[in-house]
Structure formats: structure tokens, C-alpha cells
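A.B. asks: Submitted below is the structure of interest, expressed as C-alpha cells.
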Number of protein chains: 2
Amino acid sequence: MSKSPSLSPSGLDVVQNDIRLAGLRATPARTATLVMLRESSSPLTHSDVAKHLTKLGVDKATAFRNLNDMADAGLLRRTELGDHVWRFEAVDTSHSDDSGHPHFLCVDCGTVTCLSDVRLTAGSQRQSEVVGEVTEILLRGHCNDCR
Amino acid sequence: MSKSPSLSPSGLDVVQNDIRLAGLRATPARTATLVMLRESSSPLTHSDVAKHLTKLGVDKATAFRNLNDMADAGLLRRTELGDHVWRFEAVDTSHSDDSGHPHFLCVDCGTVTCLSDVRLTAGSQRQSEVVGEVTEILLRGHCNDCR
DNA sequence: ACGCTATTTGCAATCGGGTTGCAAATAGGG
DNA sequence: CCCTATTTGCAACCCGATTGCAAATAGCGT
């Protein structure tokens, strides 16, 4: 009975419940948004989501409002990977410590890959601590398909 | 006689010559742009530059066109550090191998710091190579002033 | 199951950063 | 100093994102 393709379950009932738990009403537009993002393996752009929802008859203003609202409510994370495009990904609600993970952005094709754990060498760690506390690492370059 | 505050000299004559060497005409707007960026220790935003030039009587369209043209000509580097804002920094023409350096972006105040050399641990290096070739590293977090 | 109210939606207008078309100004080689 | 290709200023425009408002609706209490 439980076949969850992604970390946070994307079953209709579970998704709707999570939305309500976040203090929002589980409307069709929001449910579809969260399902879509939970089933995606990498962050989706503002317009990826908007295009999909528009096809379902949802207005783009509603799509954008919901992305922002759900990000504020902690259901989504809004990221910007350096190509001037907003991306959203579902926060893993089953891990209370889900504070984000590193990303790799291909500067040629724009593809984004989520990395599990990227660390700096001790020396680089030290160098960066002089400036501040690093909470996020983003790598850019050319993905294997584009080399 | 030579007091150069930054890596590439920002003296008027030198700047104008570099612009011509890049195949562009050394207009006042361009000269002012390059001097400004060479004297800055960190990348400046699109609008930082535009605001400054506007004060000097330059139109914003011209300011933007010049930033793009000079970036295409190899005098500037255009970067996007993940806050939806374009930034430009002067390329160090005295080092032919100046292919960029890592940056740290404070997500609170937006301040950018240039880092000289950041490396990943061997394991992370390996992990990232599975995805592609990393050419750029960006760190985000809270700078010491904002903690 | 039903009403009621606060929330959410659709639509259209609006916003704002950035870009473009075009005629006038000008850099800089000859 | 001239002449032409490049660059500029200006205004119009583009487009992704946001906002105001009236109509629709989620989901609470009953």
C-alpha cells in the first residue's frame, strides 16, 4: 500500500494533509503543485511549474502566489542557482533537519543536479570561515552531456 | 608613479588603452565603467553601475549596453550569485589565466566577498565529477557582520 | 449534510528591470 | 580635419512577476 517514489510521499491524501498542517487550505492548485515538486528529482523552475498548472486550468498568478505561499509556509524551498531563474523544490517534511543540499548547475543546458554532500578541504573551510558561516554550496560547470 | 589600488591598473590612460585593445572605442561612459569596476574589490550589481553612471549623465540603456558589450569583449565578467541580481567584475587583464574565482554571498545583506581559492575534499571532488566538470564554486551563508 | 466566513482564485491591470529602434553625436583612423 | 562606423540618448517596448478586487470555495462549527 505504500509505494512512495520520493522521499516525502506524494500520495494525494498525504499531500493534502501536509498542506493543511502547514496552515494552508488544500486546494487543487496547491495539491497539484506539491505533488509535482515531490515527484521531481530536481528543483523545477518558476515557469516549469506555471506551465504545468496552466495546462490544468490554473491561472499563472495563482501558480506563482502558491509557490511563494508554500515556500513561506515551509513546504517548499526557493532556490536560485545563478542563472537568473527561480527554482522550487519540495522540503522533505519527514526529515526535520532538511536544511538543503548542494546543487550542480550546468551552465550550458541549465540542468540542475542535487548532490547529497559536498565538503570543502580543511584549508578552504578555514578560509571561508574568515568571511562568514557557509550554509550552502553551489557548483557550476559543464555536465557530462554537454562536454 | 605607480600606485595601483587594484590588480589591473585603473589609471585613465591605461583603462582607455585596454578598452581599445578589446576592440571597442574608449568613450567616457565605458572608461568610467571600467575604472569603477577595477577600483571595486568585489563585483558590483547591474544597478550599482547604472546608478553611478546615471549620476554622471549617462543613460541607463547605454550603461547596460556597455556592461554587456564589455563583458562580451572579455573586459568584464558577468556573474550571478544566486540572488537574482547580475553582477560585474573587471577581468584581470594582466593575468591571462584569470578564469574566475569563488565568491561568498551573504544571504542577509547581499554583500559579496571574493575568495582566492576554494577546494573540495577528494570525496566531494569525485562525487561532483560523476555529474560533470565543475568550473565555479559559490558559497552562500551569513557573513560575520550579520551573525 | 449545510451554512457561513476567511481564504483562495481568476482576470486584468500594473510594475519594474532590462532591452531595442532610430536619429543624432562622436571616436579615432586616414 | 574629415569621414564613417560606432556609440549614445531617448522613448517605446518586452516580459516575467505581482497586485487589486470581486467571485468562488475550503473546511470549520453545527
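Please note that chains go A, B, ... in the order of the C-alpha cells, that every chain numbers its residues from 1, and that ligands are numbered from 1 in the order shown.
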Could the residues of chain D within 9 Å of chain B, counting only C-alpha atoms (C1' of nucleotides), be given as a list in words, please?
C.D. replies: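 Those within range of chain B come out as DT6, DT7, DT8, DG9 and DC10 of chain D.
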A.B. asks: Could you give me the residues within chain B that DSSP places in strand (DSSP E), as number ranges by chain?
C.D. replies: B: 44-45, 76-80, 86-90, 103-106, 112-114, 132-143
A.B. asks: Where does chain B meet chain A within 6 Å, residue by residue, with the nearest atom pair and distance in Å to one decimal for each, counting only C-alpha atoms, listed by chain and rising number, as a tab-separated table?
C.D. replies:
residue	atom	partner	partner_atom	distance
B:Glu80	CA	A:Gly82	CA	4.8
B:Leu81	CA	A:Gly82	CA	5.3
B:Gly82	CA	A:Gly82	CA	4.5
B:His84	CA	A:His84	CA	5.0
B:Val118	CA	A:Ser124	CA	5.0
B:Arg119	CA	A:Leu120	CA	5.7
B:Leu120	CA	A:Leu120	CA	4.2
B:Thr121	CA	A:Thr121	CA	4.8
B:Ser124	CA	A:Val118	CA	5.0
B:Val131	CA	A:Cys143	CA	5.8
B:Gly132	CA	A:Cys143	CA	3.9
B:Glu133	CA	A:His142	CA	5.2
B:Val134	CA	A:Gly141	CA	4.3
B:Thr135	CA	A:Gly141	CA	4.6
B:Glu136	CA	A:Arg140	CA	5.0
B:Ile137	CA	A:Leu139	CA	4.8
B:Leu138	CA	A:Leu138	CA	5.1
B:Leu139	CA	A:Ile137	CA	4.8
B:Arg140	CA	A:Glu136	CA	5.0
B:Gly141	CA	A:Val134	CA	4.3
B:His142	CA	A:Glu133	CA	5.2
B:Cys143	CA	A:Gly132	CA	3.9
B:Asn144	CA	A:Gly132	CA	4.7
A.B. asks: Counting only C-alpha atoms (C1' of nucleotides), a student should be able to say which residues of chain C come within 10 Å of chain B; what is the right answer, written as a VMD selection string?
C.D. replies: chain C and resid 17 to 20 26 to 28
A.B. asks: Mind writing the picked residues with C-alpha atoms (C1' of nucleotides) as a PDB file, in the first residue's frame?
C.D. replies:
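Generated output (selection20.pdb):
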ATOM      1  C1'  DG C  17      14.307  45.700 -14.684  1.00  0.00           C
ATOM      2  C1'  DG C  18      16.199  45.221 -18.847  1.00  0.00           C
ATOM      3  C1'  DT C  19      16.249  45.710 -23.994  1.00  0.00           C
ATOM      4  C1'  DT C  20      15.520  47.737 -28.639  1.00  0.00           C
ATOM      5  C1'  DT C  26      31.280  61.277 -31.595  1.00  0.00           C
ATOM      6  C1'  DA C  27      35.728  58.354 -31.603  1.00  0.00           C
ATOM      7  C1'  DG C  28      39.568  57.783 -33.995  1.00  0.00           C
TER       8       DG C  28
END
A.B. asks: Extract the full set of helix (DSSP H, G or I) residues from chain A according to DSSP on the backbone, and format it as JSON, numbers by chain.
C.D. replies: {"A": [12, 13, 14, 15, 16, 17, 18, 19, 20, 21, 28, 29, 30, 31, 32, 33, 34, 35, 36, 37, 38, 39, 46, 47, 48, 49, 50, 51, 52, 53, 54, 55, 60, 61, 62, 63, 64, 65, 66, 67, 68, 69, 70, 71, 72, 122, 123, 124, 125, 126, 127, 128, 129, 130, 131, 144, 145, 146]}
A.B. asks: Can you list, as a list in words, every protein, DNA or RNA residue that comes within 10 Å of A:Thr33 when you count only C-alpha atoms (C1' of nucleotides), leaving out same-chain residues fewer than 4 positions away?
C.D. replies: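 Once the nearby chain positions are removed, what remains is Val15, Thr27, Pro28, Ala29, Leu37, Arg38, Val49, Ala50, His52, Leu53, Ala63, Asn66, Leu67, Met70 and Ala90 of chain A.
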A.B. asks: Using C-alpha atoms, can you export the residues from the last selection as a compact mmCIF listing (two decimals), in the first residue's frame?
C.D. replies:
# COMPACT_ATOMS: atom_id res chain seq x y z
CA VAL A 15 -0.02 15.83 0.32
CA THR A 27 -6.87 23.47 -2.92
CA PRO A 28 -6.48 21.56 -6.17
CA ALA A 29 -3.89 24.02 -7.44
CA LEU A 37 7.51 19.02 -6.93
CA ARG A 38 7.64 15.96 -4.70
CA VAL A 49 5.51 24.77 -12.60
CA ALA A 50 3.43 27.60 -14.01
CA HIS A 52 2.15 22.64 -15.97
CA LEU A 53 -0.51 24.24 -13.80
CA ALA A 63 0.51 29.38 -9.53
CA ASN A 66 1.00 29.41 -4.30
CA LEU A 67 4.69 28.78 -4.89
CA MET A 70 4.05 27.38 0.18
CA ALA A 90 9.82 20.21 -2.02
A.B. asks: Suppose you want the space between atom CA of B:Cys109 and atom CA of A:Arg87; what is it in Å?
C.D. replies: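 About the pair atom CA of B:Cys109 and atom CA of A:Arg87: they are 21.2 Å apart.
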A.B. asks: Give me the residues near B:Asp13 as a VMD selection string, where near means some atom within 12 Å (using only C-alpha atoms (C1' of nucleotides)) and where sequence neighbours in that chain fewer than 3 positions away do not count.
C.D. replies: chain B and resid 9 to 10 16 to 20 26 28 31 to 32 34 to 35
A.B. asks: Just write the chosen residues, N, CA and C atoms, as a CSV table (one decimal), in the first residue's frame.
C.D. replies:
chain,number,residue,atom,x,y,z
B,9,PRO,N,45.5,48.0,-13.5
B,9,PRO,CA,45.6,49.4,-13.2
B,9,PRO,C,44.3,50.1,-13.6
B,10,SER,N,44.0,51.1,-12.9
B,10,SER,CA,42.7,51.9,-13.2
B,10,SER,C,43.0,53.3,-13.6
B,16,GLN,N,41.7,53.3,-20.9
B,16,GLN,CA,41.3,53.6,-22.3
B,16,GLN,C,42.0,52.7,-23.3
B,17,ASN,N,43.3,52.5,-23.0
B,17,ASN,CA,44.0,51.6,-23.9
B,17,ASN,C,43.5,50.2,-23.9
B,18,ASP,N,43.2,49.7,-22.7
B,18,ASP,CA,42.7,48.3,-22.6
B,18,ASP,C,41.3,48.2,-23.3
B,19,ILE,N,40.5,49.2,-23.3
B,19,ILE,CA,39.2,49.2,-24.0
B,19,ILE,C,39.5,49.1,-25.5
B,20,ARG,N,40.4,49.9,-26.0
B,20,ARG,CA,40.7,49.9,-27.4
B,20,ARG,C,41.3,48.5,-27.8
B,26,ALA,N,37.0,53.9,-26.8
B,26,ALA,CA,37.1,54.3,-25.4
B,26,ALA,C,36.3,55.6,-25.1
B,28,PRO,N,33.7,58.0,-22.8
B,28,PRO,CA,33.7,58.4,-21.4
B,28,PRO,C,32.9,57.4,-20.6
B,31,THR,N,34.9,54.2,-20.2
B,31,THR,CA,36.0,54.4,-19.3
B,31,THR,C,35.6,54.5,-17.9
B,32,ALA,N,34.6,55.3,-17.6
B,32,ALA,CA,34.1,55.4,-16.2
B,32,ALA,C,33.6,54.1,-15.7
B,34,LEU,N,34.7,51.0,-16.5
B,34,LEU,CA,35.8,50.1,-16.2
B,34,LEU,C,36.7,50.6,-15.0
B,35,VAL,N,36.8,51.9,-14.9
B,35,VAL,CA,37.5,52.4,-13.8
B,35,VAL,C,36.8,52.0,-12.5
A.B. asks: Have a look at atom CA of B:Arg30 and atom CA of B:Gly110 and let me know their distance in Å, one decimal.
C.D. replies: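 Spanning atom CA of B:Arg30 to atom CA of B:Gly110 is a straight-line distance of 25.9 Å.
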A.B. asks: May I ask which of the residues D:DA17, D:DA11, D:DA24, D:DA5 is the closest one to C:DT8, counting only C-alpha atoms (C1' of nucleotides)?
C.D. replies: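 That would be D:DA24, the residue with the smallest distance to C:DT8.
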A.B. asks: One decimal, Å: what's the distance from atom CA of B:Ala22 over to atom C1' of C:DA24, could you say?
C.D. replies: 25.9 Å
A.B. asks: Hey, what's within 12 Å of B:Leu21 if we count only C-alpha atoms (C1' of nucleotides) and toss same-chain stuff fewer than 6 positions away? As an MDAnalysis selection string, please?
C.D. replies: chainID B and resid 14:15 70 73:75 93
